[in-house]
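Visitor: Below is protein28.tsv; it holds TSV, C-alpha atoms.
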```
chain	number	residue	atom	x	y	z
J	8	GLY	CA	-10.22	-0.02	18.98
J	9	HIS	CA	-9.85	0.71	15.27
J	10	LYS	CA	-10.72	-1.64	12.41
J	11	ILE	CA	-8.13	-2.17	9.68
J	12	LEU	CA	-9.22	-1.34	6.13
J	13	GLU	CA	-6.91	-3.15	3.70
J	14	ARG	CA	-6.56	-1.56	0.27
J	15	TYR	CA	-4.22	-1.67	-2.71
J	16	GLY	CA	-2.71	1.10	-4.78
J	17	MET	CA	0.52	2.49	-6.17
J	18	THR	CA	1.94	5.79	-7.34
J	19	GLU	CA	1.12	5.11	-11.00
J	20	THR	CA	-2.49	4.10	-10.37
J	21	ASN	CA	-3.72	5.73	-7.17
J	22	MET	CA	-6.18	3.35	-5.48
J	23	ILE	CA	-7.01	0.11	-7.29
J	24	THR	CA	-8.97	-2.08	-4.89
J	25	SER	CA	-10.37	-1.83	-1.39
J	26	ASN	CA	-12.21	-3.83	1.21
J	27	PRO	CA	-15.60	-2.14	1.67
J	28	TYR	CA	-16.31	0.53	4.29
J	29	ASP	CA	-19.70	-1.08	4.83
J	30	GLY	CA	-19.74	-4.78	4.15
J	31	HIS	CA	-17.62	-7.86	4.59
J	32	ARG	CA	-13.91	-7.26	5.00
J	33	ILE	CA	-11.67	-10.27	4.41
J	34	PRO	CA	-8.38	-9.95	6.35
J	35	GLY	CA	-5.30	-10.60	4.25
J	36	THR	CA	-7.00	-9.53	1.03
J	37	VAL	CA	-6.99	-6.06	-0.52
J	38	GLY	CA	-10.66	-6.21	-1.45
J	39	LEU	CA	-12.59	-5.56	-4.63
J	40	PRO	CA	-11.78	-3.35	-7.66
J	41	LEU	CA	-13.07	0.19	-7.23
J	42	PRO	CA	-15.89	1.37	-9.54
J	43	GLY	CA	-14.64	1.94	-13.08
J	44	VAL	CA	-11.36	0.13	-12.44
J	45	ASN	CA	-10.67	-3.03	-14.43
J	46	VAL	CA	-8.27	-5.51	-12.82
J	47	ARG	CA	-7.17	-8.76	-14.43
J	48	ILE	CA	-4.71	-11.57	-13.71
J	49	ARG	CA	-2.53	-12.91	-16.53
J	50	ASP	CA	-0.22	-15.88	-16.63
J	51	THR	CA	3.36	-14.58	-16.59
J	52	LYS	CA	4.47	-17.03	-19.27
J	53	THR	CA	1.51	-17.64	-21.61
J	54	LYS	CA	0.01	-14.14	-21.09
J	55	HIS	CA	-3.46	-15.73	-21.00
J	56	ILE	CA	-6.09	-14.42	-18.59
J	57	ILE	CA	-6.34	-16.94	-15.75
J	58	LYS	CA	-9.16	-18.02	-13.48
J	59	ASN	CA	-9.72	-17.36	-9.80
J	60	ASN	CA	-7.32	-18.84	-7.24
J	61	SER	CA	-4.44	-18.92	-9.74
J	62	VAL	CA	-1.47	-16.58	-9.19
J	63	GLY	CA	-0.40	-14.33	-12.05
J	64	SER	CA	0.55	-10.80	-13.03
J	65	ILE	CA	-1.81	-8.07	-11.78
J	66	GLU	CA	-2.77	-5.64	-14.54
J	67	VAL	CA	-5.04	-2.62	-14.24
J	68	LYS	CA	-6.89	-0.24	-16.54
J	69	GLY	CA	-9.11	2.70	-15.69
J	70	PRO	CA	-9.38	6.47	-15.15
J	71	ASN	CA	-7.13	6.14	-12.09
J	72	VAL	CA	-4.13	4.95	-14.10
J	73	PHE	CA	-1.48	7.45	-15.20
J	74	SER	CA	-0.91	7.98	-18.92
J	75	GLY	CA	2.74	6.92	-18.90
J	76	TYR	CA	6.24	7.74	-17.71
J	77	TRP	CA	7.38	11.22	-18.80
J	78	GLN	CA	9.51	11.12	-21.95
J	79	MET	CA	10.18	7.37	-21.57
J	80	ARG	CA	8.52	5.92	-24.64
J	81	ALA	CA	10.56	2.71	-24.62
J	82	ARG	CA	9.68	1.99	-20.99
J	83	ASN	CA	6.00	2.68	-21.60
J	84	LYS	CA	5.95	0.00	-24.30
J	85	ILE	CA	7.20	-2.48	-21.70
J	86	GLU	CA	5.02	-1.36	-18.80
J	87	PHE	CA	1.74	-1.23	-20.76
J	88	THR	CA	0.06	-4.04	-22.70
J	89	GLU	CA	-1.10	-3.54	-26.27
J	90	ASP	CA	-4.70	-3.18	-25.08
J	91	GLY	CA	-3.80	-0.45	-22.57
J	92	PHE	CA	-3.45	-2.29	-19.25
J	93	PHE	CA	-0.70	-1.17	-16.89
J	94	ILE	CA	1.50	-4.04	-15.67
J	95	THR	CA	1.86	-3.40	-11.94
J	96	GLY	CA	4.78	-5.78	-11.37
J	97	ASP	CA	2.80	-7.38	-8.55
J	98	LEU	CA	1.65	-10.99	-8.44
J	99	GLY	CA	-1.69	-12.04	-7.01
J	100	PHE	CA	-4.99	-13.80	-7.52
J	101	PHE	CA	-8.72	-13.33	-7.15
J	102	ASP	CA	-10.26	-15.74	-4.67
J	103	SER	CA	-13.64	-17.40	-5.16
J	104	THR	CA	-15.41	-14.36	-3.68
J	105	GLY	CA	-13.73	-11.94	-6.10
J	106	TYR	CA	-11.41	-10.38	-3.52
J	107	LEU	CA	-7.84	-9.67	-4.65
J	108	ASN	CA	-4.93	-11.29	-2.81
J	109	ILE	CA	-1.36	-10.03	-3.19
J	110	SER	CA	1.32	-12.73	-3.47
J	111	GLY	CA	4.35	-10.45	-3.86
J	112	ARG	CA	6.44	-8.69	-6.47
J	113	ASP	CA	7.21	-10.46	-9.73
J	114	LYS	CA	10.93	-9.83	-9.25
J	115	ASP	CA	10.77	-11.37	-5.76
J	116	MET	CA	9.21	-14.66	-6.87
J	117	ILE	CA	11.49	-17.60	-6.13
J	118	ILE	CA	11.92	-20.52	-8.54
J	119	SER	CA	13.35	-23.43	-6.59
J	120	GLY	CA	13.76	-26.79	-8.28
J	121	GLY	CA	11.46	-25.59	-11.08
J	122	LEU	CA	8.64	-24.72	-8.65
J	123	ASN	CA	7.30	-21.22	-7.95
J	124	VAL	CA	7.41	-19.97	-4.37
J	125	TYR	CA	5.53	-16.74	-3.60
J	126	PRO	CA	7.11	-14.93	-0.63
J	127	ALA	CA	3.95	-13.40	0.84
J	128	GLU	CA	2.42	-16.80	1.59
J	129	VAL	CA	5.46	-18.04	3.50
J	130	GLU	CA	6.01	-14.70	5.24
J	131	ARG	CA	2.45	-14.76	6.59
J	132	VAL	CA	3.05	-18.19	8.11
J	133	LEU	CA	6.39	-17.14	9.62
J	134	GLU	CA	4.92	-13.99	11.13
J	135	SER	CA	2.10	-15.98	12.70
J	136	LEU	CA	4.70	-17.53	15.02
J	137	PRO	CA	4.72	-15.73	18.38
J	138	GLU	CA	8.53	-15.46	18.40
J	139	VAL	CA	8.79	-13.76	14.99
J	140	ASN	CA	8.45	-10.01	14.55
J	141	GLU	CA	9.16	-9.56	10.83
J	142	SER	CA	10.23	-11.80	7.99
J	143	ALA	CA	11.48	-11.63	4.43
J	144	LEU	CA	11.64	-14.59	2.06
J	145	ILE	CA	14.35	-14.49	-0.60
J	146	GLY	CA	15.85	-16.78	-3.20
J	147	VAL	CA	19.63	-17.05	-3.38
J	148	PRO	CA	21.88	-19.19	-5.62
J	149	HIS	CA	21.78	-22.91	-4.84
J	150	PRO	CA	23.87	-25.57	-6.62
J	151	ASP	CA	20.98	-28.08	-6.87
J	152	PHE	CA	17.75	-26.07	-6.87
J	153	GLY	CA	18.80	-22.97	-8.80
J	154	GLU	CA	17.46	-20.80	-6.00
J	155	GLY	CA	17.41	-21.77	-2.35
J	156	VAL	CA	14.32	-20.67	-0.43
J	157	THR	CA	15.70	-18.64	2.47
J	158	ALA	CA	13.95	-16.76	5.27
J	159	VAL	CA	15.41	-13.81	7.14
J	160	ILE	CA	13.56	-12.97	10.34
J	161	THR	CA	13.73	-10.62	13.31
J	162	PRO	CA	12.72	-11.93	16.74
J	163	ILE	CA	10.15	-10.41	19.07
J	164	ASP	CA	12.66	-10.77	21.91
J	165	PRO	CA	16.29	-10.46	20.76
J	166	HIS	CA	17.50	-11.95	24.05
J	167	ILE	CA	15.88	-15.33	23.40
J	168	ALA	CA	17.73	-17.65	20.99
J	169	LEU	CA	15.57	-19.20	18.27
J	170	ASN	CA	15.89	-22.81	17.20
J	171	GLU	CA	15.98	-22.83	13.40
J	172	GLN	CA	15.01	-26.49	13.00
J	173	GLU	CA	12.11	-26.13	15.42
J	174	LEU	CA	10.76	-23.14	13.47
J	175	ARG	CA	11.06	-25.05	10.21
J	176	ASN	CA	9.21	-28.04	11.67
J	177	ARG	CA	6.36	-25.85	12.88
J	178	ILE	CA	5.77	-24.02	9.62
J	179	ARG	CA	6.07	-27.30	7.69
J	180	MET	CA	2.59	-28.15	9.01
J	181	GLN	CA	1.13	-25.22	7.03
J	182	LEU	CA	3.23	-25.23	3.87
J	183	ALA	CA	4.11	-27.56	1.03
J	184	SER	CA	7.60	-29.00	1.55
J	185	PHE	CA	9.18	-27.05	-1.33
J	186	LYS	CA	8.03	-23.76	0.26
J	187	VAL	CA	9.69	-24.44	3.61
J	188	PRO	CA	12.91	-22.38	3.85
J	189	LEU	CA	16.11	-24.39	3.62
J	190	LYS	CA	17.62	-21.90	6.05
J	191	ILE	CA	16.21	-19.36	8.48
J	192	GLU	CA	18.60	-16.52	9.25
J	193	VAL	CA	18.05	-14.22	12.24
J	194	LYS	CA	18.92	-10.51	12.23
J	195	GLU	CA	18.27	-7.71	14.71
J	196	SER	CA	16.57	-5.68	11.98
J	197	LEU	CA	15.75	-5.87	8.27
J	198	PRO	CA	17.02	-3.21	5.84
J	199	LYS	CA	14.28	-0.82	4.76
J	200	ASN	CA	13.97	2.15	2.44
J	201	SER	CA	12.51	5.56	3.35
J	202	MET	CA	9.00	4.20	2.70
J	203	GLY	CA	9.51	1.45	5.26
J	204	LYS	CA	9.63	-1.33	2.66
J	205	ILE	CA	12.05	-4.20	3.19
J	206	GLN	CA	14.94	-4.06	0.71
J	207	LYS	CA	15.17	-7.67	-0.36
J	208	ASN	CA	17.88	-6.88	-2.89
J	209	LEU	CA	20.23	-6.07	0.00
J	210	LEU	CA	19.33	-9.31	1.75
J	211	ARG	CA	19.93	-11.30	-1.44
J	212	ALA	CA	23.36	-9.70	-1.72
J	213	GLU	CA	24.18	-10.38	1.94
J	214	PHE	CA	23.27	-14.08	1.81
J	215	LYS	CA	24.15	-14.85	-1.81
J	216	ASP	CA	26.89	-17.34	-0.86
J	217	ILE	CA	25.30	-19.29	2.00
J	218	TYR	CA	24.63	-22.40	-0.10
J	219	LEU	CA	27.83	-22.09	-2.10
J	220	ARG	CA	30.30	-21.83	0.80
J	221	LYS	CA	30.41	-25.59	1.45
J	222	LEU	CA	30.79	-26.19	-2.28
J	223	LYS	CA	33.75	-23.79	-2.46
J	224	VAL	CA	35.40	-25.36	0.58
J	225	SER	CA	35.03	-28.89	-0.80
J	226	LYS	CA	36.59	-27.83	-4.11
J	227	LYS	CA	39.63	-26.47	-2.27
```
For this file, produce the structure as structure tokens.

Guide:
Amino acid sequence: GHKILERYGMTETNMITSNPYDGHRIPGTVGLPLPGVNVRIRDTKTKHIIKNNSVGSIEVKGPNVFSGYWQMRARNKIEFTEDGFFITGDLGFFDSTGYLNISGRDKDMIISGGLNVYPAEVERVLESLPEVNESALIGVPHPDFGEGVTAVITPIDPHIALNEQELRNRIRMQLASFKVPLKIEVKESLPKNSMGKIQKNLLRAEFKDIYLRKLKVSKK
């Protein structure tokens, strides 16, 4: 009977954006910048400010932002821009209504065949399937594409076997072909830290050889 209020914040910034208490809430977005908080999206390569509906680095400036990491001057030079914006490390975009959408962490972005794949978009599609409980999209070494787009999922019912090809065919209707995972791996559970966040670095380590195994065997 409760209504979800989606918001966005982090330890270094407190709250950044929020869907309104009174007003239109857009599911899947984290709402509008709070009063006095300046949020911008910059291209990760050119560093230019980019327009709505284009994914880039989320940067924030305002009275909510911390002054810097304690006694870490070198890190502060990296984490803050010259004009005082804090680089969150998150990727996202403002939609046409001005609501912020989170696309994932910069370090989790996958570059496959020279094309950017943002995990959050694919994970939302995977988790819309009735058989899928949770998902994590990762990029692991691939001999042709650089990184192979790979999904790791947990099933709603562990006693029912999932057909990988069938799942791929169904999500293909909602995604561009280069975003469709080359493989979908099934696990009973996904590794998480004490905050409940999925540890994708552990998944990348676990599946780092799945596209290289055949290559190694053929060389032998």

Visitor: For Ile217 in chain J, which residue out of J:Ile94, J:Val193, J:Val72, J:Val147 is the nearest one, using only C-alpha atoms?

Guide: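 Of the candidates, the smallest distance to Ile217 in chain J is held by J:Val147.
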
Visitor: Kindly provide, as a PyMOL selection string, the polymer residues lying within 12 Å of (-3.6, -1.1, -24.3), counting all atoms listed in the file and using the coordinates exactly as they appear in the file.

Guide: chain J and resi 66-69+72+74-75+83-94

Visitor: Just the number, please: distance in Å from CA of Val156 in chain J to CA of Arg211 in chain J, one decimal.

Guide: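 These atoms are spaced 11.0 Å apart.
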
Visitor: Between CA of Thr18 in chain J and CA of Pro70 in chain J, what is the distance, to one decimal in Å?

Guide: 13.8 Å

Visitor: Considering all atoms listed in the file, can you say which of J:Thr36, J:Gly120, J:Val46, J:Gln78 comes closest to Pro150 in chain J?

Guide: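 Ranked by minimum distance to Pro150 in chain J, first place goes to J:Gly120.
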
Visitor: Give me, as a VMD selection string, all polymer residues having an atom no more than 7 Å from Glu154 in chain J, counting all atoms listed in the file and skipping those fewer than 3 positions away in the same chain.

Guide: chain J and resid 117 to 119 146 to 149

Visitor: Show me, as a count of residues only, the residues that have an atom within 12 Å of Lys54 in chain J when counting all atoms listed in the file, minus same-chain residues fewer than 2 positions from it.

Guide: 15

Visitor: At what distance in Å, to one decimal, does CA of Asp151 in chain J lie from CA of Ala212 in chain J?

Guide: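 Rounded to one decimal, the two atoms are 19.2 Å apart.
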
Visitor: Using all atoms listed in the file, which protein or nucleic acid residues come within 7 Å of range 100-102 of chain J? Drop anything in the same chain fewer than 5 positions from it, and give the result as a list of chain:residue names.

Guide: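 These residues fall inside the cut-off: J:Ile48, J:Asn59, J:Asn60, J:Ser61, J:Val62, J:Gly63, J:Leu107, J:Asn108, J:Ile109.
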
Visitor: Mind listing whatever residues come within 10 Å of the point (10.5, -11.0, -6.2)? Use only C-alpha atoms, file coordinates, and give them as an MDAnalysis selection string.

Guide: chainID J and resid 96:98 110:118 124:127 144:146 207:208

Visitor: Just need the box for range 82-90 of chain J, edges along x, y and z, holding every atom the file lists for it with 3 Å tacked onto each side, so centre and edge lengths in Å to one decimal, as AutoDock Vina command-line options.

Guide:
```
--center_x 2.5 --center_y -0.7 --center_z -22.5 --size_x 20.4 --size_y 12.7 --size_z 13.5
```

Visitor: Taking into account all atoms listed in the file, which residue in the set J:Gln206, J:Asn21, J:Ser196, J:Asn176 is nearest to Leu136 in chain J?

Guide: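 Closest candidate: J:Asn176.
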
Visitor: Hey, which of J:Glu213, J:Pro162, J:Ile191, J:Leu41 ends up closest to Tyr15 in chain J? Count all atoms listed in the file.

Guide: J:Leu41

Visitor: Quick one: residues within 10 Å of Arg32 in chain J, only C-alpha atoms counted, chain neighbours fewer than 6 positions away excluded, as a list in words?

Guide: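 With the cut-off at 10 Å, the set is Lys10, Ile11, Leu12, Glu13, Ser25, Asn26, Gly38, Leu39 and Tyr106 of chain J.
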
Visitor: Rank nothing, just name the residue among J:Asn71, J:Glu134, J:Arg177, J:Glu192 nearest to Thr20 in chain J, using all atoms listed in the file.

Guide: J:Asn71

Visitor: Let me make sure I understand: among J:Gly105, J:Phe185, J:Glu195, J:Arg220, which one has the smallest atom-to-atom distance to Thr157 in chain J if we use all atoms listed in the file?

Guide: J:Phe185
